[in-house]
file protein-v5.cif (mmCIF, C-alpha atoms)
data_structure
#
loop_
_atom_site.label_atom_id
_atom_site.label_comp_id
_atom_site.auth_asym_id
_atom_site.auth_seq_id
_atom_site.Cartn_x
_atom_site.Cartn_y
_atom_site.Cartn_z
CA ALA E 10 124.47 79.89 103.70
CA ARG E 11 127.02 77.99 105.78
CA SER E 12 130.70 78.67 105.13
CA ASP E 13 134.02 77.55 106.59
CA VAL E 14 135.94 80.65 105.42
CA PHE E 15 135.49 83.89 107.37
CA ALA E 16 136.92 87.37 106.87
CA ALA E 17 138.61 88.67 110.02
CA ASN E 18 141.04 91.22 111.34
CA PHE E 19 142.46 92.04 114.77
CA TYR E 20 143.55 95.42 116.12
CA ARG E 21 145.63 96.53 119.09
CA TYR E 22 145.95 100.13 120.24
CA GLN E 23 148.70 101.07 122.71
CA ASN E 24 147.72 104.27 124.47
CA ARG E 25 151.23 105.00 125.80
CA THR E 26 152.80 105.15 122.34
CA LYS E 27 149.56 105.97 120.49
CA GLU E 28 150.32 103.07 118.16
CA LEU E 29 147.67 101.09 116.29
CA SER E 30 148.62 97.61 115.08
CA GLN E 31 146.56 95.26 112.97
CA TRP E 32 146.93 91.62 112.04
CA ALA E 33 146.07 91.99 108.34
CA ASP E 34 147.45 95.10 106.65
CA THR E 35 144.51 96.51 104.69
CA THR E 36 146.62 99.57 103.67
CA PRO E 37 145.59 103.21 104.26
CA GLN E 38 142.80 102.68 101.69
CA ASN E 39 141.28 99.95 103.90
CA LEU E 40 141.10 97.49 101.00
CA PRO E 41 138.56 94.76 101.82
CA GLU E 42 140.33 92.14 99.68
CA GLU E 43 143.43 92.45 101.91
CA ILE E 44 141.60 91.43 105.05
CA GLY E 45 142.61 88.15 106.73
CA ARG E 46 140.88 84.81 106.30
CA ILE E 47 140.07 82.23 108.96
CA THR E 48 139.47 78.71 107.69
CA GLY E 49 138.50 75.42 109.25
CA LEU E 50 135.73 76.72 111.46
CA ALA E 51 132.45 74.81 111.48
CA PRO E 52 129.67 76.96 112.95
CA PRO E 53 126.83 74.99 114.52
CA GLU E 54 123.52 74.71 112.78
CA LYS E 55 121.19 77.50 113.86
CA PRO E 56 118.16 76.11 115.67
CA LYS E 57 114.93 76.44 113.76
CA THR E 58 112.93 79.53 114.68
CA TRP E 59 109.45 80.73 113.85
CA GLU E 60 109.25 82.51 110.51
CA TRP E 61 106.24 84.55 111.65
CA THR E 62 106.19 86.53 114.90
CA LEU E 63 103.35 88.61 116.30
CA LEU E 64 103.97 91.18 119.05
CA PRO E 65 100.80 92.97 120.21
CA TYR E 66 100.67 95.54 123.00
CA VAL E 67 97.95 97.21 125.04
CA PHE E 68 98.51 100.26 127.25
CA ALA E 69 96.10 101.93 129.68
CA GLY E 70 96.75 104.36 132.52
CA LYS E 71 95.71 107.39 134.51
CA ASN E 72 97.63 110.60 135.07
CA VAL E 73 100.08 109.69 132.31
CA ARG E 74 102.91 112.14 131.66
CA GLU E 75 103.56 112.74 127.95
CA TRP E 76 107.03 113.31 126.49
CA ASP E 77 106.45 117.09 126.40
CA GLY E 78 105.59 117.18 130.14
CA THR E 79 101.80 117.43 129.87
CA ILE E 80 99.73 115.06 132.02
CA ARG E 81 96.69 113.27 130.63
CA ASP E 82 93.90 112.14 132.98
CA THR E 83 93.47 108.85 131.10
CA LYS E 84 95.25 107.24 128.20
CA ALA E 85 94.72 103.97 126.34
CA ASP E 86 96.46 102.62 123.28
CA ALA E 87 97.04 99.38 121.39
CA GLY E 88 99.15 98.22 118.48
CA LEU E 89 100.69 95.28 116.70
CA GLU E 90 104.01 94.30 115.13
CA ILE E 91 104.16 91.52 112.55
CA ARG E 92 107.52 90.06 111.55
CA TYR E 93 108.38 87.62 108.79
CA GLU E 94 111.93 86.22 108.73
CA PRO E 95 112.24 83.23 106.39
CA ARG E 96 116.03 83.24 106.84
CA PRO E 97 118.59 85.21 108.91
CA ASN E 98 119.46 87.68 106.13
CA LEU E 99 115.91 88.45 104.98
CA THR E 100 113.37 90.25 107.15
CA GLY E 101 109.97 91.86 106.64
CA LEU E 102 108.28 93.96 109.31
CA VAL E 103 104.88 95.63 109.60
CA SER E 104 104.25 97.95 112.54
CA ILE E 105 100.72 99.22 113.28
CA ASN E 106 100.47 102.08 115.77
CA PRO E 107 103.89 101.36 117.33
CA ASP E 108 104.38 102.08 121.02
CA LEU E 109 106.83 105.00 121.24
CA SER E 110 105.80 106.18 124.69
CA GLN E 111 108.90 104.74 126.40
CA ILE E 112 111.44 105.95 123.84
CA GLU E 113 113.80 108.57 125.20
CA ARG E 114 113.69 111.60 122.92
CA ALA E 115 116.91 113.41 122.06
CA VAL E 116 116.99 117.11 122.91
CA THR E 117 117.19 118.95 119.61
CA ASP E 118 115.45 122.23 120.41
CA ILE E 119 118.60 124.32 120.96
CA ASN E 120 120.22 125.36 117.69
CA PHE E 121 123.87 126.35 117.82
CA SER E 122 124.33 126.50 114.04
CA TYR E 123 122.41 126.77 110.80
CA ASN E 124 123.20 123.15 109.95
CA GLU E 125 120.90 120.25 110.75
CA LYS E 126 122.19 118.21 113.67
CA SER E 127 122.58 114.45 113.34
CA VAL E 128 121.36 112.65 116.47
CA ALA E 129 120.52 109.01 117.14
CA ASP E 130 116.99 107.77 116.50
CA TYR E 131 115.93 105.39 119.28
CA ARG E 132 112.72 104.19 117.63
CA PRO E 133 113.04 100.41 117.12
CA PHE E 134 111.42 100.58 113.68
CA PHE E 135 114.37 102.60 112.37
CA GLN E 136 117.09 100.93 114.43
CA GLU E 137 116.51 97.39 113.20
CA GLY E 138 118.27 96.77 109.90
CA GLY E 139 119.72 100.26 109.95
CA LEU E 140 122.91 99.12 108.22
CA TYR E 141 120.89 98.26 105.12
CA PHE E 142 120.02 101.94 104.74
CA GLY E 143 123.50 103.44 105.19
CA GLY E 144 125.70 101.56 102.74
CA ASN E 145 126.42 104.53 100.47
CA ASP E 146 129.29 106.82 101.42
CA SER E 147 126.91 109.76 101.02
CA TYR E 148 123.27 108.88 101.48
CA TYR E 149 120.27 111.05 101.74
CA PHE E 150 118.01 109.57 104.40
CA TYR E 151 117.76 110.87 107.99
CA SER E 152 115.06 109.12 110.01
CA ASN E 153 114.59 111.96 112.52
CA ARG E 154 112.95 113.99 109.76
CA ILE E 155 110.03 111.54 109.93
CA PRO E 156 107.57 112.29 112.76
CA ASP E 157 105.72 109.68 114.79
CA PHE E 158 103.63 107.43 112.53
CA ASP E 159 100.72 105.04 112.95
CA PHE E 160 101.71 102.57 110.22
CA GLY E 161 105.04 101.34 108.88
CA ALA E 162 106.25 98.50 106.65
CA ARG E 163 109.90 97.57 106.32
CA ALA E 164 111.92 94.92 104.46
CA PHE E 165 115.67 94.34 104.19
CA GLY E 166 118.07 91.55 103.33
CA SER E 167 121.04 90.35 101.31
CA PHE E 168 121.69 87.52 98.86
CA ASP E 169 124.34 86.65 96.23
CA GLY E 170 126.26 89.92 96.55
CA LYS E 171 123.09 92.02 96.50
CA GLN E 172 121.73 94.01 99.41
CA PHE E 173 118.45 95.90 99.69
CA GLY E 174 116.39 97.87 102.18
CA ALA E 175 113.00 99.55 101.80
CA PHE E 176 110.30 100.99 104.01
CA VAL E 177 107.22 103.21 103.98
CA THR E 178 105.54 105.02 106.88
CA GLY E 179 102.16 106.73 107.19
CA SER E 180 101.25 109.44 109.69
CA PRO E 181 97.77 110.35 110.98
CA ASP E 182 97.78 113.64 109.03
CA GLY E 183 98.12 111.80 105.70
CA ARG E 184 101.87 112.18 105.40
CA ARG E 185 103.77 109.38 103.64
CA ASP E 186 107.54 108.81 103.68
CA TYR E 187 109.42 106.09 101.81
CA VAL E 188 113.00 104.96 101.24
CA GLY E 189 114.50 102.29 99.02
CA GLN E 190 118.13 101.31 98.60
CA PHE E 191 119.81 98.64 96.49
CA ASP E 192 123.50 97.76 96.46
CA TYR E 193 125.17 95.26 94.11
CA LYS E 194 128.72 94.03 94.68
CA ILE E 195 130.05 93.12 91.23
CA ASP E 196 133.35 91.79 92.58
CA LYS E 197 135.81 92.56 95.38
CA THR E 198 136.67 96.00 94.02
CA HIS E 199 133.54 97.15 92.13
CA ARG E 200 130.02 97.95 93.29
CA VAL E 201 127.01 99.99 92.19
CA SER E 202 124.20 101.46 94.28
CA ALA E 203 120.81 103.08 93.74
CA ALA E 204 118.54 104.83 96.22
CA ILE E 205 115.22 106.66 96.32
CA VAL E 206 114.04 108.89 99.18
CA GLY E 207 110.63 110.53 99.07
CA THR E 208 107.96 112.30 101.09
CA HIS E 209 104.36 113.20 100.36
CA ARG E 210 102.61 115.65 102.67
CA SER E 211 100.57 118.80 102.65
CA GLY E 212 102.40 121.42 100.62
CA LEU E 213 105.29 119.15 99.63
CA ASP E 214 105.62 116.19 97.28
CA ASN E 215 109.27 115.39 96.70
CA ALA E 216 111.39 112.44 95.58
CA LEU E 217 115.15 112.12 95.21
CA TYR E 218 116.85 109.48 93.06
CA ALA E 219 120.55 108.71 93.51
CA PHE E 220 122.85 106.38 91.56
CA SER E 221 126.48 105.72 92.34
CA GLY E 222 129.28 103.39 91.41
CA ARG E 223 132.77 102.84 92.68
CA GLY E 224 135.66 100.65 91.76
CA ARG E 225 139.41 100.21 91.72
CA GLU E 226 141.44 98.86 88.83
CA SER E 227 144.64 96.83 89.03
CA SER E 228 146.51 99.90 87.75
CA GLY E 229 145.55 101.75 90.93
CA LEU E 230 142.90 103.91 89.30
CA THR E 231 139.98 104.50 91.68
#
call {"tool": "encode", "arguments": {"input": "protein-v5.cif", "output": "structure tokens"}}
result
Amino acid sequence: ARSDVFAANFYRYQNRTKELSQWADTTPQNLPEEIGRITGLAPPEKPKTWEWTLLPYVFAGKNVREWDGTIRDTKADAGLEIRYEPRPNLTGLVSINPDLSQIERAVTDINFSYNEKSVADYRPFFQEGGLYFGGNDSYYFYSNRIPDFDFGARAFGSFDGKQFGAFVTGSPDGRRDYVGQFDYKIDKTHRVSAAIVGTHRSGLDNALYAFSGRGRESSGLT
């Protein structure tokens, strides 16, 4: 929806004095209701775009080097991505046999600790709309746990203070992974969230449900 009031803040960091200044003082608690407001702006109408987009691909080659260094004499592949975007803040995506051959893989083979390392996932399916799956302060989804897949469906969007994101992937070995997250902003200082993360594969069928709420009262109670 169009609006002529925008939330904004401006920061300046002076390296010599190591001083950080900001235009609107949001306090050490980073209170969103204390952020500045810019009024009087009239953004231009967004040009009409296609609601449906199809992106097919075909790949064929000889002496193709795989990501693990092996060389295949011949290789051929094909896939399709279908996107539905009825408005800027609502997107649906179906990916059939996505092309991951050109994605640079992060090196995660060397373990320096017993803890799982958090590295970036460069697969476009997980990058797009990623903010809709990380709204909770502590959330339980890490996309690198999901191996390469041959089918994926994804939807995310926001409307009237509500925000959601959901996806499911299927791998050739019958593995299924799914995530759903819903966030509702009651007012400027109160919100509730719910999430489900699950996997179904050989030897493991697991689902996690998480519910959270946060708020701050006028008395200062958080």
call {"tool": "resolve_selection", "arguments": {"input": "protein-v5.cif", "expression": "the PyMOL selection byres ((chain E and resi 185-191) around 9)", "output": "PyMOL selection string"}}
result
chain E and resi 141-144+150+155+171-180+183-184+192-193+201-210
call {"tool": "residues_around", "arguments": {"input": "protein-v5.cif", "residues": "E:Gly101", "least_positions_apart": "6", "cutoff": "6 Å", "atoms": "all atoms listed in the file", "output": "ChimeraX atom specification"}}
result
/E:92-93,163-164
call {"tool": "write_last_selection", "arguments": {"input": "protein-v5.cif", "atoms": "C-alpha atoms", "output": "PDB file, keeping the file's coordinate frame"}}
result
ATOM      1  CA  ARG E  92     107.520  90.060 111.550  1.00  0.00           C
ATOM      2  CA  TYR E  93     108.380  87.620 108.790  1.00  0.00           C
ATOM      3  CA  ARG E 163     109.900  97.570 106.320  1.00  0.00           C
ATOM      4  CA  ALA E 164     111.920  94.920 104.460  1.00  0.00           C
TER       5      ALA E 164
END
call {"tool": "residues_around", "arguments": {"input": "protein-v5.cif", "residues": "E:Asn72", "least_positions_apart": "6", "cutoff": "9 Å", "atoms": "only C-alpha atoms", "output": "ChimeraX atom specification"}}
result
/E:80-84
call {"tool": "atom_distance", "arguments": {"input": "protein-v5.cif", "atom1": "atom CA of E:Gly166", "atom2": "atom CA of E:Thr100"}}
result
6.2 Å
call {"tool": "atom_distance", "arguments": {"input": "protein-v5.cif", "atom1": "atom CA of E:Leu64", "atom2": "atom CA of E:Gly161"}}
result
14.4 Å
call {"tool": "resolve_selection", "arguments": {"input": "protein-v5.cif", "expression": "the PyMOL selection byres ((chain E and resi 36-53) around 6)", "output": "list in words"}}
result
Asp13, Val14, Phe15, Ala16, Ala17, Asn18, Ala33, Asp34, Thr35 and Glu54 of chain E
call {"tool": "atom_distance", "arguments": {"input": "protein-v5.cif", "atom1": "atom CA of E:Asp159", "atom2": "atom CA of E:Leu102"}}
result
13.9 Å
call {"tool": "closest_residue", "arguments": {"input": "protein-v5.cif", "among": "E:Thr62, E:Asn153, E:Ser227, E:Gln31", "to": "E:Val103", "atoms": "only C-alpha atoms"}}
result
E:Thr62
call {"tool": "closest_residue", "arguments": {"input": "protein-v5.cif", "among": "E:Gly138, E:Gly78, E:Pro181, E:Gly70", "to": "E:Leu99", "atoms": "only C-alpha atoms"}}
result
E:Gly138
call {"tool": "closest_residue", "arguments": {"input": "protein-v5.cif", "among": "E:Phe160, E:Phe165, E:Tyr151, E:Trp32", "to": "E:Asp182", "atoms": "only C-alpha atoms"}}
result
E:Phe160
call {"tool": "resolve_selection", "arguments": {"input": "protein-v5.cif", "expression": "the PyMOL selection byres ((chain E and resi 85-87) around 6)", "output": "count of residues only"}}
result
6
